[in-house]
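Enquirer: The following block contains the structure, expressed as structure tokens.
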Amino acid sequence: MSQSRYARQMVLAEVGAEGQKKLAAARVLIVGVGGLGAPASLYLAAAGVGSIGLIDGDQVDISNLQRQIIYDSADQGRDKVTRAAARLQALNPETHVAAYPMRLTAANAIEIAAPYDIILDGSDNFSTKFLLNDLAYKLSKPLVYGSILRWEGQASVFWAPHGPCYRCLFPEPPKAYVPSCAEAGVIGAMAGIIGSIQALETVKLIVNGSQGPVQGGLEPLMGQLFHLRAQTMETRRLALKKNPECPCCSQAPADIVLRDLDEVCDANTPKEIPNYVAADLSSDDRWRDFIPLDIRESQEWLGGHLPSAHHWPLSKLQEGILPELPTRSKPVLVYCQSGIRSRRALQILRAAGWQNLAHLSDGFGAWRGPVVFS
């Protein structure tokens, strides 16, 4: 171990030579090497964490580079974990990096996570977050949580029995539609802030070691939810309590059965919807056979929309306010930016008795036909 590499942190009384040895012996699994996992992995490797596991089944896309700072333009189309592992090894050759180019599932979670001491949640979907919580509790490992959306971010450490778990806060996946970062947007620097907080919390857990969650003045975010609103730089720390009826940590760890929650999280997605790929539909005049219904927000609408489209934001539909179209003789073609919100809109309209509905499965973002501006 090169002490000169870590001199700036070893001079800290809370770290010192003993803390640096703990970091060198630590094993951290990072699930998702995206906006959160990218900065977290860089700082953990730089800090001298001895073994880092990276699991992610995606490839690098140009749209990732705004926030996933571990990649560069030449990495497009390549496996994220392969490129991230190479970057971490170049940053710190003393860190061993294991790459798992796959998605974490209930079937492979225990085998992959068992050798690691701490799990860091860099995921961007509810299915993985709930799986990670149950996995961490089953294996008695701390889970370093982070989440970002638009201008806001939050972080915590879930480590039962030392404190509440994620399901104490959110017992089940949300029933209502929650937009993804792709739909709602996110500021890249927000990912850097929350990912760095996750790395910091991980370092604190490692330095504290087996002597307990609080040691030597270092207090991880257990039983607390850190929240940042970046527009005003307002921060809050909310106290979290253990739920005695929690569907996860009220049970014995051995009784926890891991399962993939895709079907649960997608319960609001209607089945057998007529899908029309935007690029295909816009290649000729078939779109004229539909009444286009744009359910995006006003700013998106002003940036361009389909000819003859009617604007009715999803937020209104969720309030139960339905659009009044001039005619229902044609099928209604619902669309959003990428095809996610339109699925939710279709469910609402069908529940209200609407028939003869379709949507653009790839959304307006893939539209290559005529566009008008308001």
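Every chain in the structure tokens has a letter given in the order shown (A, B, ...), and although residue numbers restart at 1 in each chain, ligands are simply numbered from 1 in the order shown.
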Can you pull out every residue within 9 Å of Val157 (chain A), counting only C-alpha atoms, but drop anything in the same chain fewer than 6 positions away, and send it as a CSV table (one decimal) with all heavy atoms, in the first residue's frame?

Expert:
```csv
chain,number,residue,atom,x,y,z
A,142,PRO,N,-24.8,-3.6,5.1
A,142,PRO,CA,-25.3,-2.2,4.9
A,142,PRO,C,-25.5,-1.9,3.5
A,142,PRO,O,-24.8,-2.3,2.6
A,142,PRO,CB,-24.2,-1.4,5.5
A,142,PRO,CG,-22.9,-2.2,5.5
A,142,PRO,CD,-23.4,-3.6,5.6
A,143,LEU,N,-26.6,-1.1,3.2
A,143,LEU,CA,-26.9,-0.7,1.9
A,143,LEU,C,-26.8,0.8,1.8
A,143,LEU,O,-27.5,1.5,2.6
A,143,LEU,CB,-28.4,-1.1,1.5
A,143,LEU,CG,-29.0,-0.6,0.2
A,143,LEU,CD1,-28.2,-1.2,-1.0
A,143,LEU,CD2,-30.4,-1.0,0.1
A,144,VAL,N,-26.0,1.4,1.0
A,144,VAL,CA,-25.8,2.8,0.8
A,144,VAL,C,-26.7,3.3,-0.3
A,144,VAL,O,-26.4,3.0,-1.5
A,144,VAL,CB,-24.3,3.2,0.6
A,144,VAL,CG1,-24.2,4.7,0.5
A,144,VAL,CG2,-23.5,2.6,1.7
A,145,TYR,N,-27.7,4.0,0.0
A,145,TYR,CA,-28.8,4.3,-0.9
A,145,TYR,C,-28.6,5.7,-1.5
A,145,TYR,O,-28.2,6.7,-0.8
A,145,TYR,CB,-30.1,4.2,-0.1
A,145,TYR,CG,-31.3,5.0,-0.8
A,145,TYR,CD1,-32.0,4.4,-1.9
A,145,TYR,CD2,-31.7,6.2,-0.3
A,145,TYR,CE1,-33.1,5.1,-2.5
A,145,TYR,CE2,-32.8,6.9,-0.9
A,145,TYR,CZ,-33.5,6.3,-1.9
A,145,TYR,OH,-34.5,7.0,-2.5
A,146,GLY,N,-29.0,5.9,-2.7
A,146,GLY,CA,-29.0,7.2,-3.3
A,146,GLY,C,-30.1,7.3,-4.4
A,146,GLY,O,-30.4,6.3,-5.0
A,163,GLY,N,-30.8,-0.1,12.2
A,163,GLY,CA,-31.7,1.0,11.9
A,163,GLY,C,-32.8,0.5,10.9
A,163,GLY,O,-32.8,-0.7,10.6
A,164,PRO,N,-33.6,1.4,10.4
A,164,PRO,CA,-34.6,1.0,9.5
A,164,PRO,C,-34.1,0.5,8.1
A,164,PRO,O,-32.9,0.8,7.8
A,164,PRO,CB,-35.5,2.2,9.3
A,164,PRO,CG,-34.5,3.4,9.6
A,164,PRO,CD,-33.6,2.8,10.6
A,165,CYS,N,-34.9,-0.2,7.4
A,165,CYS,CA,-34.5,-0.6,6.0
A,165,CYS,C,-35.3,0.3,5.0
A,165,CYS,O,-36.2,1.1,5.4
A,165,CYS,CB,-34.7,-2.1,5.8
A,165,CYS,SG,-36.4,-2.6,5.5
A,166,TYR,N,-35.0,0.1,3.8
A,166,TYR,CA,-35.7,0.9,2.7
A,166,TYR,C,-37.2,0.6,2.7
A,166,TYR,O,-38.0,1.6,2.5
A,166,TYR,CB,-35.1,0.5,1.4
A,166,TYR,CG,-35.7,1.2,0.2
A,166,TYR,CD1,-35.4,2.6,-0.1
A,166,TYR,CD2,-36.5,0.6,-0.8
A,166,TYR,CE1,-35.9,3.2,-1.2
A,166,TYR,CE2,-37.0,1.2,-1.9
A,166,TYR,CZ,-36.7,2.6,-2.1
A,166,TYR,OH,-37.2,3.2,-3.2
A,198,GLN,N,-22.7,9.1,-1.3
A,198,GLN,CA,-22.7,7.7,-1.2
A,198,GLN,C,-21.3,7.2,-0.9
A,198,GLN,O,-21.1,6.3,-0.1
A,198,GLN,CB,-23.3,7.0,-2.4
A,198,GLN,CG,-24.8,7.2,-2.5
A,198,GLN,CD,-25.4,6.5,-3.7
A,198,GLN,OE1,-25.4,7.1,-4.8
A,198,GLN,NE2,-25.9,5.3,-3.5
A,201,GLU,N,-20.3,8.1,2.7
A,201,GLU,CA,-21.0,7.2,3.6
A,201,GLU,C,-20.3,5.8,3.7
A,201,GLU,O,-20.2,5.2,4.7
A,201,GLU,CB,-22.5,7.1,3.3
A,201,GLU,CG,-23.2,8.4,3.5
A,201,GLU,CD,-23.1,8.9,5.0
A,201,GLU,OE1,-23.5,8.2,5.9
A,201,GLU,OE2,-22.6,10.0,5.2
A,202,THR,N,-19.9,5.4,2.5
A,202,THR,CA,-19.3,4.0,2.4
A,202,THR,C,-17.9,4.1,3.1
A,202,THR,O,-17.6,3.1,3.9
A,202,THR,CB,-19.1,3.6,0.9
A,202,THR,OG1,-20.4,3.6,0.3
A,202,THR,CG2,-18.4,2.3,0.8
A,220,PRO,N,-22.6,7.6,10.2
A,220,PRO,CA,-23.3,7.4,8.9
A,220,PRO,C,-24.8,7.7,8.9
A,220,PRO,O,-25.3,7.9,10.0
A,220,PRO,CB,-23.1,5.9,8.6
A,220,PRO,CG,-21.9,5.5,9.5
A,220,PRO,CD,-22.1,6.3,10.7
A,221,LEU,N,-25.4,7.9,7.8
A,221,LEU,CA,-26.8,8.3,7.7
A,221,LEU,C,-27.8,7.2,8.0
A,221,LEU,O,-28.7,7.0,7.2
A,221,LEU,CB,-27.0,8.9,6.3
A,221,LEU,CG,-26.5,10.3,6.0
A,221,LEU,CD1,-26.6,10.6,4.5
A,221,LEU,CD2,-27.3,11.3,6.8
A,222,MET,N,-27.5,6.4,9.0
A,222,MET,CA,-28.5,5.4,9.4
A,222,MET,C,-29.6,6.0,10.2
A,222,MET,O,-29.4,6.8,11.1
A,222,MET,CB,-27.8,4.3,10.2
A,222,MET,CG,-27.1,3.3,9.3
A,222,MET,SD,-26.3,2.0,10.2
A,222,MET,CE,-25.0,3.0,11.0
A,223,GLY,N,-30.9,5.7,9.8
A,223,GLY,CA,-32.0,6.3,10.5
A,223,GLY,C,-32.2,7.7,10.1
A,223,GLY,O,-33.0,8.4,10.7
A,224,GLN,N,-31.6,8.1,9.0
A,224,GLN,CA,-31.7,9.5,8.5
A,224,GLN,C,-31.8,9.5,7.0
A,224,GLN,O,-31.1,8.7,6.3
A,224,GLN,CB,-30.5,10.4,9.0
A,224,GLN,CG,-30.4,10.4,10.5
A,224,GLN,CD,-29.1,11.2,10.8
A,224,GLN,OE1,-29.0,12.4,10.7
A,224,GLN,NE2,-28.1,10.5,11.2
A,225,LEU,N,-32.6,10.4,6.5
A,225,LEU,CA,-32.7,10.6,5.0
A,225,LEU,C,-32.2,12.0,4.7
A,225,LEU,O,-32.8,13.0,5.1
A,225,LEU,CB,-34.1,10.4,4.5
A,225,LEU,CG,-34.3,10.5,3.0
A,225,LEU,CD1,-33.6,9.4,2.3
A,225,LEU,CD2,-35.8,10.6,2.6
```

Enquirer: May I have the residues within 9 Å of region 342-349 of chain A as a list in words, using only C-alpha atoms and disregarding those fewer than 4 positions away in the same chain?

Expert: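 Residues meeting the cut-off are Tyr177, Asn268, Thr269, Pro270, Ile273, Asp294, Ile295, Arg296, Leu314, Leu317, Gln318, Gly320, Leu322, Val334, Tyr335, Cys336, Gln337, Ser338, Gly353, Trp354, Gln355, Leu357, Ala358, His359, Leu360, Ser361 and Gly363 of chain A.
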
Enquirer: Any chance you could export the current selection's N, CA, C and O atoms as an mmCIF file, in the first residue's frame?

Expert:
```
data_model
loop_
_atom_site.group_PDB
_atom_site.id
_atom_site.type_symbol
_atom_site.label_atom_id
_atom_site.label_comp_id
_atom_site.auth_asym_id
_atom_site.auth_seq_id
_atom_site.Cartn_x
_atom_site.Cartn_y
_atom_site.Cartn_z
ATOM 1 N N TYR A 177 -47.833 6.568 -11.145
ATOM 2 C CA TYR A 177 -46.736 6.718 -12.101
ATOM 3 C C TYR A 177 -45.675 7.668 -11.563
ATOM 4 O O TYR A 177 -45.971 8.741 -11.043
ATOM 5 N N ASN A 268 -48.974 -0.923 -13.383
ATOM 6 C CA ASN A 268 -49.814 0.107 -13.985
ATOM 7 C C ASN A 268 -49.649 0.201 -15.488
ATOM 8 O O ASN A 268 -50.229 1.065 -16.122
ATOM 9 N N THR A 269 -48.807 -0.654 -16.053
ATOM 10 C CA THR A 269 -48.619 -0.628 -17.496
ATOM 11 C C THR A 269 -49.667 -1.512 -18.161
ATOM 12 O O THR A 269 -49.698 -2.710 -17.927
ATOM 13 N N PRO A 270 -50.559 -0.965 -18.926
ATOM 14 C CA PRO A 270 -51.596 -1.773 -19.554
ATOM 15 C C PRO A 270 -51.006 -2.768 -20.539
ATOM 16 O O PRO A 270 -49.993 -2.509 -21.165
ATOM 17 N N ILE A 273 -51.359 -3.206 -25.586
ATOM 18 C CA ILE A 273 -51.627 -1.883 -26.166
ATOM 19 C C ILE A 273 -51.174 -1.913 -27.620
ATOM 20 O O ILE A 273 -50.095 -2.419 -27.918
ATOM 21 N N ASP A 294 -51.074 14.773 -27.393
ATOM 22 C CA ASP A 294 -49.766 15.006 -26.791
ATOM 23 C C ASP A 294 -49.946 15.197 -25.288
ATOM 24 O O ASP A 294 -50.565 16.162 -24.839
ATOM 25 N N ILE A 295 -49.386 14.268 -24.481
ATOM 26 C CA ILE A 295 -49.596 14.340 -23.028
ATOM 27 C C ILE A 295 -48.336 14.826 -22.300
ATOM 28 O O ILE A 295 -48.202 14.649 -21.099
ATOM 29 N N ARG A 296 -47.444 15.481 -23.050
ATOM 30 C CA ARG A 296 -46.245 16.045 -22.426
ATOM 31 C C ARG A 296 -46.573 17.368 -21.737
ATOM 32 O O ARG A 296 -47.675 17.899 -21.866
ATOM 33 N N LEU A 314 -50.242 14.872 -18.986
ATOM 34 C CA LEU A 314 -50.535 13.714 -18.147
ATOM 35 C C LEU A 314 -50.978 14.144 -16.754
ATOM 36 O O LEU A 314 -51.808 13.477 -16.127
ATOM 37 N N LEU A 317 -54.614 14.383 -16.681
ATOM 38 C CA LEU A 317 -55.239 13.063 -16.708
ATOM 39 C C LEU A 317 -55.195 12.409 -15.335
ATOM 40 O O LEU A 317 -56.156 11.764 -14.904
ATOM 41 N N GLN A 318 -54.075 12.565 -14.641
ATOM 42 C CA GLN A 318 -53.939 11.961 -13.314
ATOM 43 C C GLN A 318 -54.866 12.596 -12.298
ATOM 44 O O GLN A 318 -55.173 11.990 -11.276
ATOM 45 N N GLY A 320 -57.860 13.264 -13.105
ATOM 46 C CA GLY A 320 -59.184 12.838 -13.534
ATOM 47 C C GLY A 320 -59.847 13.771 -14.506
ATOM 48 O O GLY A 320 -61.046 13.636 -14.804
ATOM 49 N N LEU A 322 -60.376 14.807 -18.154
ATOM 50 C CA LEU A 322 -60.196 14.182 -19.460
ATOM 51 C C LEU A 322 -60.296 15.211 -20.579
ATOM 52 O O LEU A 322 -61.033 16.193 -20.470
ATOM 53 N N VAL A 334 -51.919 8.471 -28.634
ATOM 54 C CA VAL A 334 -51.341 9.139 -27.471
ATOM 55 C C VAL A 334 -49.818 9.079 -27.577
ATOM 56 O O VAL A 334 -49.256 8.040 -27.934
ATOM 57 N N TYR A 335 -49.164 10.181 -27.262
ATOM 58 C CA TYR A 335 -47.701 10.130 -27.299
ATOM 59 C C TYR A 335 -47.098 11.064 -26.251
ATOM 60 O O TYR A 335 -47.693 12.064 -25.841
ATOM 61 N N CYS A 336 -45.896 10.689 -25.787
ATOM 62 C CA CYS A 336 -45.086 11.516 -24.898
ATOM 63 C C CYS A 336 -43.707 11.623 -25.538
ATOM 64 O O CYS A 336 -43.579 11.474 -26.747
ATOM 65 N N GLN A 337 -42.668 11.828 -24.764
ATOM 66 C CA GLN A 337 -41.349 11.998 -25.359
ATOM 67 C C GLN A 337 -40.687 10.674 -25.703
ATOM 68 O O GLN A 337 -40.008 10.557 -26.713
ATOM 69 N N SER A 338 -40.870 9.647 -24.875
ATOM 70 C CA SER A 338 -40.162 8.388 -25.117
ATOM 71 C C SER A 338 -41.050 7.153 -25.054
ATOM 72 O O SER A 338 -40.561 6.040 -25.218
ATOM 73 N N GLY A 353 -63.210 4.540 -19.940
ATOM 74 C CA GLY A 353 -64.118 4.036 -20.951
ATOM 75 C C GLY A 353 -63.735 4.332 -22.382
ATOM 76 O O GLY A 353 -64.491 4.016 -23.302
ATOM 77 N N TRP A 354 -62.571 4.928 -22.596
ATOM 78 C CA TRP A 354 -62.150 5.227 -23.964
ATOM 79 C C TRP A 354 -61.737 3.941 -24.668
ATOM 80 O O TRP A 354 -61.112 3.057 -24.088
ATOM 81 N N GLN A 355 -62.061 3.861 -25.939
ATOM 82 C CA GLN A 355 -61.690 2.715 -26.767
ATOM 83 C C GLN A 355 -60.898 3.212 -27.979
ATOM 84 O O GLN A 355 -60.747 4.412 -28.189
ATOM 85 N N LEU A 357 -57.641 3.068 -28.879
ATOM 86 C CA LEU A 357 -56.468 3.841 -28.491
ATOM 87 C C LEU A 357 -55.198 3.190 -28.996
ATOM 88 O O LEU A 357 -55.115 1.969 -29.146
ATOM 89 N N ALA A 358 -54.214 4.014 -29.249
ATOM 90 C CA ALA A 358 -52.884 3.535 -29.619
ATOM 91 C C ALA A 358 -51.867 4.516 -29.051
ATOM 92 O O ALA A 358 -52.239 5.579 -28.530
ATOM 93 N N HIS A 359 -50.590 4.149 -29.121
ATOM 94 C CA HIS A 359 -49.573 5.102 -28.679
ATOM 95 C C HIS A 359 -48.279 4.874 -29.453
ATOM 96 O O HIS A 359 -48.070 3.837 -30.080
ATOM 97 N N LEU A 360 -47.412 5.899 -29.421
ATOM 98 C CA LEU A 360 -46.094 5.794 -30.042
ATOM 99 C C LEU A 360 -45.153 5.120 -29.057
ATOM 100 O O LEU A 360 -44.802 5.708 -28.036
ATOM 101 N N SER A 361 -44.749 3.902 -29.337
ATOM 102 C CA SER A 361 -43.935 3.154 -28.377
ATOM 103 C C SER A 361 -42.569 3.778 -28.158
ATOM 104 O O SER A 361 -41.987 3.632 -27.085
ATOM 105 N N GLY A 363 -42.071 7.134 -28.729
ATOM 106 C CA GLY A 363 -42.305 8.510 -28.373
ATOM 107 C C GLY A 363 -41.936 9.534 -29.436
ATOM 108 O O GLY A 363 -41.430 9.210 -30.512
#
```

Enquirer: Ranking A:Leu169, A:Ala38, A:Leu258, A:Ala13 by minimum distance to Leu238 (chain A) and counting only C-alpha atoms, which one comes first?

Expert: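 Closest candidate: A:Leu169.
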
Enquirer: Measuring atom to atom with only C-alpha atoms, identify which of A:Lys242, A:His305, A:Arg67, A:Arg5 is nearest to Cys168 (chain A).

Expert: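 Among A:Lys242, A:His305, A:Arg67, A:Arg5, it is A:Lys242 that comes nearest to Cys168 (chain A).
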
Enquirer: So, counting only C-alpha atoms, which residue among A:Glu152, A:Glu300, A:Asp117, A:Asp61 is closest to Val28 (chain A)?

Expert: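 Among the listed residues, A:Asp117 lies closest to Val28 (chain A).
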
Enquirer: With only C-alpha atoms as the counted atoms, please give the residues lying no more than 8 Å from Lys330 (chain A), apart from itself and same-chain residues fewer than 5 positions off, as a ChimeraX atom specification.

Expert: /A:289-291,356

Enquirer: List every residue of region 24-63 of chain A that has an atom at most 12 Å from any atom of region 127-138 of chain A, giving for each one its closest atom pair and the distance in Å to one decimal, counting only C-alpha atoms, sorted by chain and then by ascending residue number, as CSV.

Expert:
```
residue,atom,partner,partner_atom,distance
A:Leu29,CA,A:Leu132,CA,11.0
A:Ile30,CA,A:Leu132,CA,10.8
A:Val31,CA,A:Leu132,CA,8.6
A:Gly32,CA,A:Thr128,CA,9.5
A:Ile55,CA,A:Thr128,CA,11.8
A:Asp56,CA,A:Thr128,CA,11.2
```

Enquirer: Please provide the set of residues having any atom within 8 Å of region 17-27 of chain A, restricted to only C-alpha atoms, with same-chain residues fewer than 4 positions apart removed, written as an NGL selection string.

Expert: :A and (1 or 6 or 10 or 47-53 or 95 or 115-118 or 203 or 206-207 or 209)

Enquirer: Please determine, counting only C-alpha atoms, which residue among A:Gly34, A:Gly303, A:Gly16, A:Gly153 has the shortest atom-to-atom distance to His227 (chain A).

Expert: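 Among A:Gly34, A:Gly303, A:Gly16, A:Gly153, it is A:Gly153 that comes nearest to His227 (chain A).
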
Enquirer: Quick check for you: according to DSSP on this backbone, which residues of region 94-339 of chain A are classed as alpha helix (DSSP H)? Reply as a PyMOL selection string.

Expert: chain A and resi 109-113+126-138+166-169+181-184+188-208+262-265+278-281+298-302+314-318

Enquirer: For each of A:Ala45, A:Ala199, A:Trp151, A:Asn108, take the minimum atom-to-atom distance to Ala85 (chain A), counting only C-alpha atoms, then give the residue where this is smallest.

Expert: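 Smallest separation from Ala85 (chain A) among the options: A:Ala45.
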
Enquirer: Can you work out the spacing between CA of Arg350 (chain A) and CA of Glu297 (chain A) in Å, to one decimal?

Expert: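 Answer for the CA of Arg350 (chain A) to CA of Glu297 (chain A) separation: 21.0 Å.
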
Enquirer: Report, in Å to a single decimal, how far apart CA of Pro253 (chain A) and CA of Ala109 (chain A) are.

Expert: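 For CA of Ala109 (chain A) relative to CA of Pro253 (chain A), the distance reads 14.9 Å.
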
Enquirer: Would you please give, as a count of residues only, all residues of region 143-324 of chain A that DSSP assigns to strand (DSSP E or B) based on the backbone?

Expert: 40

Enquirer: Suppose you want the space between CA of Arg368 (chain A) and CA of Ser282 (chain A); what is it in Å?

Expert: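 Result for CA of Arg368 (chain A) versus CA of Ser282 (chain A): 5.7 Å, one decimal.
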
Enquirer: With only C-alpha atoms as the basis for distance, which of A:Arg78, A:Ser4, A:Gly192, A:Ala46 is at the shortest distance from Ala90 (chain A)?

Expert: A:Ala46
